[in-house]
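Shown next, in structure tokens, is the structure this report addresses.
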Amino acid sequence: MRRHIPNMLTLSNLFCGCCAVALLLYGQPVTAAWFTLASFLFDYADGMVARALSATGPMGRELDSLADVVSFGVAPGAMLYGLLAGGYCGQLPATTLCVPALPAFVLSAFAAYRLARFNLDTTHRDYFVGLSTPGCTVFVLGLTLAAYDNQFGIGSFIAGQPWVIYAVVVVFSWLMVSEVPMFGLKVRSLRWRENKLTLVFFALAVVALLFLKGLGLALAVLFYLVFSVFSKNNILRAAEGNPHP
């Protein structure tokens with residue numbers, strides 16, 4: 001039973017991801033955002049619980065990636081589909097398939113590719129290679145909420161210039177499979193020293209969310225990307241100085 005507790009948390013991540021996708025396709029991004037947040041929490045909790053209970057194993061690793069394909073692959077694709085559908089085919093929910101919006105799910109395909117490659121990578125690192133799927137999802141979620149609330153006219157701009165979403169699909173698909181080193185954001189313990197950067201980033205993201213709402217999430221991810229790119233050498237040096245056994 002102890003061995004299956006982390007797997008139940010992973011399946012909860014998957015369940016919340018499925019709920020988020022359904023809500024998005026019915027034009028309810030705000031409620032979907034809450035389910036996506038729950039997916040994040042379950043995704044972080046399963047690894048921590050597995051390590052605390054010494055219940056890690058190949059089954060959990062595979063199941064984790066399968067759940068992430070839905071929560072952090074299909075769900076952000078559905079978010080971008082909704083934004084494109086709003087520009088080309090009218091607002092969701094729709095009774096017919098919006099063909100010009102289908103390229104949104106290219107992002108989902110690249111997310112699945114990244115997760116499959118991650119499962120085959122046996123190298124232990126303290127940093128990410130490329131943008132993580134949760135990081136990509138946070139950006140897309142923030143952009144979706146900002147468009148839904150029409151913050152600073154973003155919703156109207158995207159509706160009039162939907163090609164911007166195609167650019168988002170291309171750029172973030174590439175970022176997920178790129179070789180760019182980026183700061184790791186996994187919480188591996190409850191110690192401040194080991195998770196200082198991660199906790200500071202999360203705190204900034206929360207502050208940005210409180211003051212800028214959805215747009216704050218998107219800006220937090222952009223800040224993370226710029227910070228990682230300009231700190232590339234520091235990330236690699238820190239990894240060399242603290243190799244995993």
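Letters A, B, ... go to the chains of the structure tokens in the order shown; residues in each chain start at 1; ligands are counted from 1 in the same order.
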Mind checking which residues fall within 10 Å of Ala75 in chain A, counting only C-alpha atoms, ignoring those fewer than 5 positions away in the same chain, and posting them as a compact mmCIF listing (two decimals) with C-alpha atoms, in the first residue's frame?
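Just written: around-v8.txt:
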# COMPACT_ATOMS: atom_id res chain seq x y z
CA GLY A 17 -5.38 17.41 -16.22
CA CYS A 18 -8.30 15.64 -17.92
CA CYS A 19 -10.77 17.89 -16.10
CA ALA A 20 -8.80 20.97 -17.18
CA VAL A 21 -8.87 19.88 -20.84
CA ALA A 22 -12.64 19.32 -20.74
CA LEU A 23 -13.23 22.71 -19.12
CA LEU A 24 -11.02 24.47 -21.65
CA LEU A 25 -12.90 22.99 -24.58
CA ALA A 32 -9.55 24.96 -15.73
CA ALA A 33 -6.77 27.02 -14.16
CA THR A 36 -4.17 22.87 -13.60
CA ASP A 68 2.36 14.95 -17.51
CA VAL A 69 1.57 14.39 -21.20
CA VAL A 70 -2.04 15.22 -20.40
CA LEU A 80 -3.79 27.67 -27.26
CA TYR A 81 -6.50 25.99 -29.33
CA PHE A 105 -1.58 20.80 -30.51
CA LEU A 107 2.92 22.07 -28.67
CA SER A 108 1.38 18.93 -27.13
CA THR A 137 2.21 25.26 -19.14
CA VAL A 140 0.46 29.36 -21.66
CA LEU A 141 -1.94 29.41 -18.70
**Item:** Within 12 Å of Ala50 in chain A using only C-alpha atoms, minus same-chain residues under 3 positions, as a PyMOL selection string
**Value:** chain A and resi 2-10+42-47+53-61+64+188-189
So that I have them on file, write out the residues from the current selection with N, CA and C atoms, as a compact mmCIF listing (two decimals), in the first residue's frame.
# COMPACT_ATOMS: atom_id res chain seq x y z
N ARG A 2 1.93 1.26 0.80
CA ARG A 2 2.82 2.43 0.85
C ARG A 2 3.43 2.71 -0.52
N ARG A 3 3.72 1.66 -1.25
CA ARG A 3 4.35 1.79 -2.55
C ARG A 3 3.43 2.47 -3.57
N HIS A 4 2.10 2.37 -3.35
CA HIS A 4 1.15 2.90 -4.32
C HIS A 4 0.69 4.32 -3.99
N ILE A 5 1.05 4.83 -2.83
CA ILE A 5 0.63 6.19 -2.47
C ILE A 5 1.14 7.23 -3.48
N PRO A 6 2.45 7.21 -3.85
CA PRO A 6 2.92 8.16 -4.86
C PRO A 6 2.19 7.99 -6.20
N ASN A 7 1.89 6.74 -6.59
CA ASN A 7 1.19 6.51 -7.85
C ASN A 7 -0.22 7.09 -7.81
N MET A 8 -0.87 7.04 -6.66
CA MET A 8 -2.21 7.62 -6.54
C MET A 8 -2.15 9.14 -6.70
N LEU A 9 -1.09 9.75 -6.19
CA LEU A 9 -0.91 11.19 -6.38
C LEU A 9 -0.68 11.51 -7.85
N THR A 10 0.11 10.68 -8.53
CA THR A 10 0.36 10.88 -9.96
C THR A 10 -0.93 10.75 -10.76
N PHE A 42 -0.01 18.05 -7.29
CA PHE A 42 0.12 16.59 -7.27
C PHE A 42 1.43 16.16 -7.93
N ASP A 43 1.85 16.89 -8.98
CA ASP A 43 3.09 16.54 -9.67
C ASP A 43 4.30 16.73 -8.76
N TYR A 44 4.29 17.79 -7.97
CA TYR A 44 5.39 18.01 -7.02
C TYR A 44 5.31 17.04 -5.85
N ALA A 45 4.09 16.77 -5.41
CA ALA A 45 3.91 15.94 -4.22
C ALA A 45 4.31 14.49 -4.46
N ASP A 46 4.03 13.94 -5.65
CA ASP A 46 4.29 12.51 -5.86
C ASP A 46 5.77 12.18 -5.72
N GLY A 47 6.64 13.03 -6.28
CA GLY A 47 8.07 12.78 -6.16
C GLY A 47 8.57 12.90 -4.74
N LEU A 53 9.02 7.98 1.29
CA LEU A 53 8.59 6.62 1.62
C LEU A 53 9.51 5.56 1.02
N SER A 54 10.58 6.01 0.36
CA SER A 54 11.50 5.09 -0.34
C SER A 54 10.71 4.18 -1.28
N ALA A 55 9.81 4.81 -2.04
CA ALA A 55 8.92 4.05 -2.93
C ALA A 55 9.13 4.43 -4.39
N THR A 56 10.35 4.87 -4.72
CA THR A 56 10.64 5.21 -6.10
C THR A 56 10.85 3.95 -6.93
N GLY A 57 10.63 4.06 -8.23
CA GLY A 57 10.82 2.90 -9.09
C GLY A 57 10.45 3.24 -10.52
N PRO A 58 10.72 2.33 -11.46
CA PRO A 58 10.44 2.58 -12.88
C PRO A 58 8.96 2.79 -13.17
N MET A 59 8.09 2.11 -12.43
CA MET A 59 6.65 2.27 -12.64
C MET A 59 6.23 3.71 -12.39
N GLY A 60 6.69 4.27 -11.29
CA GLY A 60 6.34 5.64 -10.96
C GLY A 60 6.88 6.62 -11.97
N ARG A 61 8.08 6.38 -12.46
CA ARG A 61 8.71 7.27 -13.45
C ARG A 61 7.90 7.29 -14.75
N ASP A 64 4.45 8.94 -14.18
CA ASP A 64 4.58 10.38 -14.02
C ASP A 64 4.60 11.08 -15.37
N ARG A 188 13.13 19.25 -3.84
CA ARG A 188 13.59 17.90 -3.50
C ARG A 188 13.60 17.63 -2.00
N SER A 189 13.43 18.67 -1.20
CA SER A 189 13.39 18.48 0.25
C SER A 189 12.75 19.72 0.85
Give me, as a tab-separated table, each residue of range 31-135 of chain A that comes within 10 Å of range 144-166 of chain A, together with its shortest interatomic pair and the distance in Å at one decimal, counting only C-alpha atoms, with rows ordered by chain and rising residue number.
residue	atom	partner	partner_atom	distance
A:Ala33	CA	A:Leu145	CA	8.2
A:Pro76	CA	A:Thr144	CA	9.2
A:Met79	CA	A:Thr144	CA	6.4
A:Leu80	CA	A:Ile165	CA	6.9
A:Tyr81	CA	A:Ile165	CA	9.0
A:Gly82	CA	A:Thr144	CA	8.4
A:Leu83	CA	A:Thr144	CA	7.1
A:Leu84	CA	A:Pro162	CA	5.8
A:Ala85	CA	A:Pro162	CA	8.8
A:Gly86	CA	A:Ala159	CA	6.1
A:Gly87	CA	A:Ala159	CA	4.1
A:Tyr88	CA	A:Pro162	CA	7.5
A:Gly90	CA	A:Ala159	CA	9.1
A:Gln91	CA	A:Ala159	CA	9.8
A:Pro100	CA	A:Pro162	CA	9.8
A:Ala101	CA	A:Tyr166	CA	9.0
A:Pro103	CA	A:Tyr166	CA	7.4
A:Ala104	CA	A:Tyr166	CA	7.2
A:Val106	CA	A:Tyr166	CA	9.7
A:Leu107	CA	A:Tyr166	CA	9.9
**Fill in**
re CA of Phe118 in chain A and CA of Met176 in chain A: distance 10.9 Å
Each range 63-163 of chain A residue no farther than 6 Å from range 218-237 of chain A, nearest pair in Å, only C-alpha atoms, as a tab-separated table:
residue	atom	partner	partner_atom	distance
A:Phe139	CA	A:Ala218	CA	4.2
A:Gly142	CA	A:Ala218	CA	4.7
A:Leu143	CA	A:Ala218	CA	5.9
**Request:** Looking only at alpha helix (DSSP H) from DSSP on the backbone, list the matching residues of range 47-154 of chain A as a ChimeraX atom specification.
**Result:** /A:47-52,58-69,75-88,106-120,133-148,154
**Request:** Just give me the gap between CA of Gly27 in chain A and CA of Ser173 in chain A in Å, one decimal is fine.
**Result:**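 Separating CA of Gly27 in chain A from CA of Ser173 in chain A is a distance of 23.8 Å.
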